[in-house]
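Trainee: Below you'll find input.cif; it's mmCIF, C-alpha atoms, pLDDT in the B column; chains and numbers go by the auth columns.
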```cif
data_work
loop_
_atom_site.group_PDB
_atom_site.id
_atom_site.type_symbol
_atom_site.label_atom_id
_atom_site.label_comp_id
_atom_site.label_asym_id
_atom_site.label_seq_id
_atom_site.Cartn_x
_atom_site.Cartn_y
_atom_site.Cartn_z
_atom_site.B_iso_or_equiv
_atom_site.auth_seq_id
_atom_site.auth_asym_id
ATOM 1 C CA MET A 1 106.600 26.108 -54.147 54.00 20 A
ATOM 2 C CA ASN A 2 110.245 25.147 -53.720 68.00 21 A
ATOM 3 C CA ASP A 3 111.283 28.707 -52.830 75.00 22 A
ATOM 4 C CA GLN A 4 108.601 28.805 -50.149 81.00 23 A
ATOM 5 C CA MET A 5 109.968 25.601 -48.642 80.00 24 A
ATOM 6 C CA TYR A 6 113.426 27.180 -48.430 86.00 25 A
ATOM 7 C CA ASP A 7 111.921 30.332 -46.900 85.00 26 A
ATOM 8 C CA ASP A 8 110.177 28.214 -44.260 86.00 27 A
ATOM 9 C CA PHE A 9 113.390 26.362 -43.475 90.00 28 A
ATOM 10 C CA HIS A 10 115.277 29.661 -43.238 90.00 29 A
ATOM 11 C CA LEU A 11 112.616 31.019 -40.873 91.00 30 A
ATOM 12 C CA GLU A 12 112.966 27.931 -38.657 92.00 31 A
ATOM 13 C CA LYS A 13 116.740 28.487 -38.514 93.00 32 A
ATOM 14 C CA LEU A 14 116.322 32.185 -37.688 92.00 33 A
ATOM 15 C CA VAL A 15 113.855 31.468 -34.882 93.00 34 A
ATOM 16 C CA ARG A 16 116.132 28.780 -33.439 94.00 35 A
ATOM 17 C CA ALA A 17 119.237 31.002 -33.618 94.00 36 A
ATOM 18 C CA GLN A 18 117.688 34.258 -32.393 94.00 37 A
ATOM 19 C CA PHE A 19 115.128 33.038 -29.854 94.00 38 A
ATOM 20 C CA GLY A 20 116.215 29.505 -28.963 92.00 39 A
ATOM 21 C CA VAL A 21 112.796 28.125 -29.885 90.00 40 A
ATOM 22 C CA SER A 22 112.813 24.866 -31.790 91.00 41 A
ATOM 23 C CA LEU A 23 109.728 24.701 -33.977 91.00 42 A
ATOM 24 C CA GLU A 24 108.730 23.588 -37.426 91.00 43 A
ATOM 25 C CA VAL A 25 106.747 25.802 -39.777 91.00 44 A
ATOM 26 C CA ASP A 26 103.611 23.917 -40.766 92.00 45 A
ATOM 27 C CA THR A 27 101.582 26.556 -42.632 92.00 46 A
ATOM 28 C CA VAL A 28 102.420 30.140 -43.538 93.00 47 A
ATOM 29 C CA ILE A 29 99.317 32.330 -43.294 94.00 48 A
ATOM 30 C CA ALA A 30 100.923 35.561 -44.533 93.00 49 A
ATOM 31 C CA ARG A 31 104.432 35.850 -45.934 91.00 50 A
ATOM 32 C CA ASN A 32 106.294 39.203 -46.173 91.00 51 A
ATOM 33 C CA LEU A 33 103.347 41.041 -44.651 94.00 52 A
ATOM 34 C CA PRO A 34 104.159 44.788 -44.602 95.00 53 A
ATOM 35 C CA VAL A 35 103.690 46.166 -41.076 94.00 54 A
ATOM 36 C CA SER A 36 105.352 49.557 -41.598 93.00 55 A
ATOM 37 C CA ARG A 37 107.266 51.351 -44.326 92.00 56 A
ATOM 38 C CA THR A 38 110.444 49.357 -43.599 93.00 57 A
ATOM 39 C CA ASP A 39 109.352 46.285 -41.620 94.00 58 A
ATOM 40 C CA VAL A 40 107.769 43.006 -42.689 95.00 59 A
ATOM 41 C CA ALA A 41 106.240 40.124 -40.778 96.00 60 A
ATOM 42 C CA THR A 42 105.517 36.466 -41.342 95.00 61 A
ATOM 43 C CA LEU A 43 102.464 34.912 -39.722 95.00 62 A
ATOM 44 C CA PHE A 44 102.696 31.131 -39.467 95.00 63 A
ATOM 45 C CA LEU A 45 101.374 28.048 -37.714 95.00 64 A
ATOM 46 C CA SER A 46 103.884 25.708 -36.110 93.00 65 A
ATOM 47 C CA ASP A 47 103.686 21.935 -36.303 91.00 66 A
ATOM 48 C CA LYS A 48 101.902 22.037 -32.917 92.00 67 A
ATOM 49 C CA LYS A 49 99.234 24.390 -34.396 91.00 68 A
ATOM 50 C CA GLN A 50 100.451 27.424 -32.432 94.00 69 A
ATOM 51 C CA LEU A 51 100.271 30.750 -34.288 95.00 70 A
ATOM 52 C CA TYR A 52 103.405 32.954 -34.342 96.00 71 A
ATOM 53 C CA LEU A 53 104.217 36.361 -35.793 96.00 72 A
ATOM 54 C CA TYR A 54 107.851 36.976 -36.741 96.00 73 A
ATOM 55 C CA ILE A 55 108.680 40.648 -37.369 96.00 74 A
ATOM 56 C CA GLN A 56 111.923 41.921 -38.857 94.00 75 A
ATOM 57 C CA GLY A 57 113.033 45.063 -40.559 89.00 76 A
ATOM 58 C CA GLN A 58 115.439 47.931 -40.852 91.00 77 A
ATOM 59 C CA SER A 59 113.949 50.245 -38.243 89.00 78 A
ATOM 60 C CA LYS A 60 114.804 50.214 -34.553 93.00 79 A
ATOM 61 C CA LEU A 61 111.691 48.611 -33.080 94.00 80 A
ATOM 62 C CA LEU A 62 110.874 48.750 -29.397 95.00 81 A
ATOM 63 C CA LEU A 63 108.607 46.362 -27.514 96.00 82 A
ATOM 64 C CA ASP A 64 105.934 49.085 -27.558 96.00 83 A
ATOM 65 C CA ASP A 65 106.178 49.313 -31.369 95.00 84 A
ATOM 66 C CA VAL A 66 105.814 45.551 -31.677 96.00 85 A
ATOM 67 C CA LYS A 67 102.745 45.617 -29.411 96.00 86 A
ATOM 68 C CA LYS A 68 101.151 48.272 -31.650 96.00 87 A
ATOM 69 C CA ILE A 69 101.985 46.279 -34.775 95.00 88 A
ATOM 70 C CA VAL A 70 100.439 43.118 -33.325 96.00 89 A
ATOM 71 C CA SER A 71 97.268 45.008 -32.471 96.00 90 A
ATOM 72 C CA ARG A 72 97.008 46.732 -35.840 95.00 91 A
ATOM 73 C CA VAL A 73 97.552 43.483 -37.729 95.00 92 A
ATOM 74 C CA GLY A 74 94.425 42.274 -35.915 95.00 93 A
ATOM 75 C CA LEU A 75 95.966 39.864 -33.416 96.00 94 A
ATOM 76 C CA LYS A 76 96.060 39.381 -29.655 96.00 95 A
ATOM 77 C CA ALA A 77 99.448 38.438 -28.252 95.00 96 A
ATOM 78 C CA GLU A 78 99.941 35.744 -25.661 94.00 97 A
ATOM 79 C CA LEU A 79 103.722 35.994 -25.206 95.00 98 A
ATOM 80 C CA TYR A 80 106.566 38.163 -26.493 96.00 99 A
ATOM 81 C CA LEU A 81 109.521 35.810 -26.673 95.00 100 A
ATOM 82 C CA PRO A 82 112.858 37.225 -25.424 95.00 101 A
ATOM 83 C CA PRO A 83 116.149 36.737 -27.298 94.00 102 A
ATOM 84 C CA LYS A 84 117.984 33.440 -26.914 92.00 103 A
ATOM 85 C CA GLY A 85 119.823 33.012 -23.640 90.00 104 A
ATOM 86 C CA ARG A 86 118.191 36.015 -21.956 93.00 105 A
ATOM 87 C CA PRO A 87 114.904 34.899 -20.388 93.00 106 A
ATOM 88 C CA GLN A 88 114.690 38.100 -18.287 94.00 107 A
ATOM 89 C CA TYR A 89 115.613 40.387 -21.221 95.00 108 A
ATOM 90 C CA PHE A 90 112.704 42.828 -20.895 95.00 109 A
ATOM 91 C CA GLU A 91 113.106 43.071 -17.114 94.00 110 A
ATOM 92 C CA GLU A 92 116.890 43.669 -17.424 94.00 111 A
ATOM 93 C CA ILE A 93 116.435 46.488 -19.930 95.00 112 A
ATOM 94 C CA ALA A 94 113.596 48.006 -17.886 94.00 113 A
ATOM 95 C CA ALA A 95 115.672 47.964 -14.689 93.00 114 A
ATOM 96 C CA ALA A 96 118.652 49.578 -16.438 93.00 115 A
ATOM 97 C CA LYS A 97 116.501 52.337 -17.963 94.00 116 A
ATOM 98 C CA PHE A 98 114.709 52.888 -14.656 93.00 117 A
ATOM 99 C CA ARG A 99 118.045 53.263 -12.852 92.00 118 A
ATOM 100 C CA MET A 100 119.168 55.832 -15.441 93.00 119 A
ATOM 101 C CA VAL A 101 116.099 57.965 -14.694 92.00 120 A
ATOM 102 C CA PHE A 102 115.973 57.320 -10.924 91.00 121 A
ATOM 103 C CA PRO A 103 119.568 56.471 -9.922 89.00 122 A
ATOM 104 C CA GLY A 104 119.131 56.634 -6.145 86.00 123 A
ATOM 105 C CA ARG A 105 115.791 54.921 -5.790 83.00 124 A
ATOM 106 C CA GLY A 106 115.625 51.526 -4.141 82.00 125 A
ATOM 107 C CA ASN A 107 112.786 49.063 -3.668 85.00 126 A
ATOM 108 C CA VAL A 108 111.806 48.898 -7.333 86.00 127 A
ATOM 109 C CA THR A 109 108.572 47.006 -8.054 86.00 128 A
ATOM 110 C CA SER A 110 107.274 45.453 -11.251 88.00 129 A
ATOM 111 C CA GLU A 111 104.708 48.271 -11.498 91.00 130 A
ATOM 112 C CA ASP A 112 107.594 50.758 -11.566 88.00 131 A
ATOM 113 C CA LEU A 113 109.206 48.869 -14.449 91.00 132 A
ATOM 114 C CA ALA A 114 106.055 48.359 -16.551 93.00 133 A
ATOM 115 C CA PHE A 115 106.573 51.469 -18.690 94.00 134 A
ATOM 116 C CA TYR A 116 110.319 50.918 -19.055 94.00 135 A
ATOM 117 C CA LYS A 117 109.778 47.386 -20.400 95.00 136 A
ATOM 118 C CA THR A 118 108.104 48.931 -23.440 94.00 137 A
ATOM 119 C CA LEU A 119 111.356 50.800 -24.211 95.00 138 A
ATOM 120 C CA ALA A 120 113.371 47.610 -24.740 95.00 139 A
ATOM 121 C CA PRO A 121 114.811 47.218 -28.277 95.00 140 A
ATOM 122 C CA TYR A 122 113.042 44.312 -29.982 95.00 141 A
ATOM 123 C CA ASN A 123 114.064 43.700 -33.585 92.00 142 A
ATOM 124 C CA PRO A 124 113.634 40.974 -34.759 93.00 143 A
ATOM 125 C CA ALA A 125 110.551 40.035 -32.759 95.00 144 A
ATOM 126 C CA LEU A 126 108.766 36.731 -32.237 96.00 145 A
ATOM 127 C CA VAL A 127 105.268 36.845 -30.785 96.00 146 A
ATOM 128 C CA MET A 128 103.119 33.893 -29.755 96.00 147 A
ATOM 129 C CA ILE A 129 99.566 34.726 -30.784 95.00 148 A
ATOM 130 C CA ASN A 130 96.485 33.959 -28.699 94.00 149 A
ATOM 131 C CA GLU A 131 93.782 34.848 -31.229 94.00 150 A
ATOM 132 C CA VAL A 132 92.885 36.666 -34.430 95.00 151 A
ATOM 133 C CA LYS A 133 90.483 39.420 -33.341 93.00 152 A
ATOM 134 C CA ASN A 134 87.902 39.669 -36.129 91.00 153 A
ATOM 135 C CA GLY A 135 88.976 36.821 -38.357 91.00 154 A
ATOM 136 C CA GLN A 136 90.927 39.253 -40.550 94.00 155 A
ATOM 137 C CA ILE A 137 94.658 39.825 -40.930 95.00 156 A
ATOM 138 C CA TYR A 138 95.615 43.402 -41.838 95.00 157 A
ATOM 139 C CA GLN A 139 98.691 44.753 -43.593 95.00 158 A
ATOM 140 C CA PHE A 140 100.204 48.226 -43.702 95.00 159 A
ATOM 141 C CA ASP A 141 99.171 50.266 -46.741 92.00 160 A
ATOM 142 C CA ALA A 142 100.093 53.947 -46.824 89.00 161 A
ATOM 143 C CA ASP A 143 97.545 54.625 -49.586 89.00 162 A
ATOM 144 C CA SER A 144 94.501 53.289 -47.753 87.00 163 A
ATOM 145 C CA HIS A 145 92.372 55.232 -45.305 87.00 164 A
ATOM 146 C CA GLY A 146 93.737 54.596 -41.821 86.00 165 A
ATOM 147 C CA GLY A 147 96.961 53.087 -43.148 90.00 166 A
ATOM 148 C CA TRP A 148 95.864 49.444 -42.916 92.00 167 A
ATOM 149 C CA ARG A 149 93.879 47.134 -45.200 93.00 168 A
ATOM 150 C CA VAL A 150 92.732 43.519 -45.062 93.00 169 A
ATOM 151 C CA LYS A 151 95.313 41.044 -46.368 94.00 170 A
ATOM 152 C CA THR A 152 93.520 37.763 -45.720 93.00 171 A
ATOM 153 C CA LYS A 153 90.862 36.126 -43.586 94.00 172 A
ATOM 154 C CA PHE A 154 91.889 33.594 -40.983 92.00 173 A
ATOM 155 C CA ALA A 155 90.101 32.337 -37.881 92.00 174 A
ATOM 156 C CA TYR A 156 92.206 31.292 -34.884 92.00 175 A
ATOM 157 C CA ARG A 157 91.759 31.176 -31.131 89.00 176 A
ATOM 158 C CA ARG A 158 93.967 29.242 -28.790 85.00 177 A
ATOM 159 C CA ILE A 159 92.097 27.155 -26.273 82.00 178 A
ATOM 160 C CA LYS A 160 94.159 26.287 -23.246 77.00 179 A
ATOM 161 C CA THR A 161 93.971 22.718 -22.048 73.00 180 A
ATOM 162 C CA SER A 162 95.336 21.225 -18.871 64.00 181 A
#
```
Re-express the file's structure as structure tokens.

Mentor:
Amino acid sequence: MNDQMYDDFHLEKLVRAQFGVSLEVDTVIARNLPVSRTDVATLFLSDKKQLYLYIQGQSKLLLDDVKKIVSRVGLKAELYLPPKGRPQYFEEIAAAKFRMVFPGRGNVTSEDLAFYKTLAPYNPALVMINEVKNGQIYQFDADSHGGWRVKTKFAYRRIKTS
């Protein structure tokens, strides 16, 4: 129990340092959840009852990879939080990559940058979750059929209020 408290405190410090989000971990739903051969995630509720998924690992994850992981874990994302101090991080990376491919093109729209946003490096990742799709949280398992198996059951859906 004591080690878990220290892990929660460490997670709070990491989130504050890397993403600039000040939150307190209330309940950890899944700790060290394998999401690939080298990456793990922690699914937790904050003190304000908002569900977050924190992904970290050794591989070079892109935003597209994180989106696939979120979907395969059985979640729907509400917001992919950018690194601390860079609120337009995904747009900056997308614009730079777009300019590398199309150096002379002007009048760039957000539709033009949509694909290039998915190429932004995103490790570690912090995702605000909107809902758990089927009430089941999945984890990566290379031995199972399809590569994913049920880790735990958890029902969650965020209801927006005014």

Trainee: To test your reading of the syntax: which residues would the PyMOL selection byres ((chain A and resi 64-79) around 10) return for the file shown? Reply as an NGL selection string.

Mentor: :A and (30-31 or 33-34 or 41-63 or 80-81 or 84-85 or 88-89 or 92 or 94 or 96-99 or 140-151 or 175-177)

Trainee: Between atom CA of A:Gly104 and atom CA of A:Val40, what is the spacing in Å?

Mentor: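 Taking atom CA of A:Val40 and atom CA of A:Gly104, their separation equals 10.6 Å.
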
Trainee: Tell me which of A:Gln23, A:Gln37, A:Thr128, A:Gln158 sits closest to A:Lys170, counting all atoms listed in the file.

Mentor: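 Distance minimum relative to A:Lys170 lands on A:Gln158.
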
Trainee: How many Å lie between atom CA of A:Trp167 and atom CA of A:Phe28, rounded to one decimal?

Mentor: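 So the answer is 29.0 Å.
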
Trainee: Applying the PyMOL selection byres ((chain A and resi 107-113) around 7) to the file I just gave you, which residues come out? Please list them as a list of chain:residue names.

Mentor: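 This file gives the following for the PyMOL selection byres ((chain A and resi 107-113) around 7): A:Pro101, A:Arg105, A:Pro106, A:Ala114, A:Ala115, A:Lys116, A:Phe117, A:Leu132, A:Tyr135, A:Lys136, A:Ala139.
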
Trainee: For the atom pair atom CA of A:Ile156 and atom CA of A:Val169, what is the interatomic distance in Å to one decimal place?

Mentor: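 Interatomic distance, atom CA of A:Ile156 to atom CA of A:Val169: 5.9 Å.
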
Trainee: Let me make sure I understand: among A:Met119, A:Asp26, A:Gly93, A:Leu82, which one has the smallest atom-to-atom distance to A:Thr171 if we use all atoms listed in the file?

Mentor: A:Gly93

Trainee: Taking all atoms of stretch 39-43 of chain A that the file lists, what box with edges along x, y and z, padded by 5 Å per side, do you get, with centre and edge lengths in Å to one decimal, as JSON?

Mentor:
```
{"center_x": 112.5, "center_y": 26.5, "center_z": -33.2, "size_x": 17.5, "size_y": 15.9, "size_z": 18.5}
```

Trainee: Restricting the calculation to all atoms listed in the file, which member of A:Gln155, A:Arg118, A:Phe173, A:Asp83 is positioned closest to A:Leu138?

Mentor: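 Looking only at the distances to A:Leu138, the closest residue turns out to be A:Asp83.
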
Trainee: Just checking: using all atoms listed in the file, which residue out of A:Val127, A:Ala174, A:Ala36, A:Val120 ends up closest to A:Lys152?

Mentor: A:Ala174
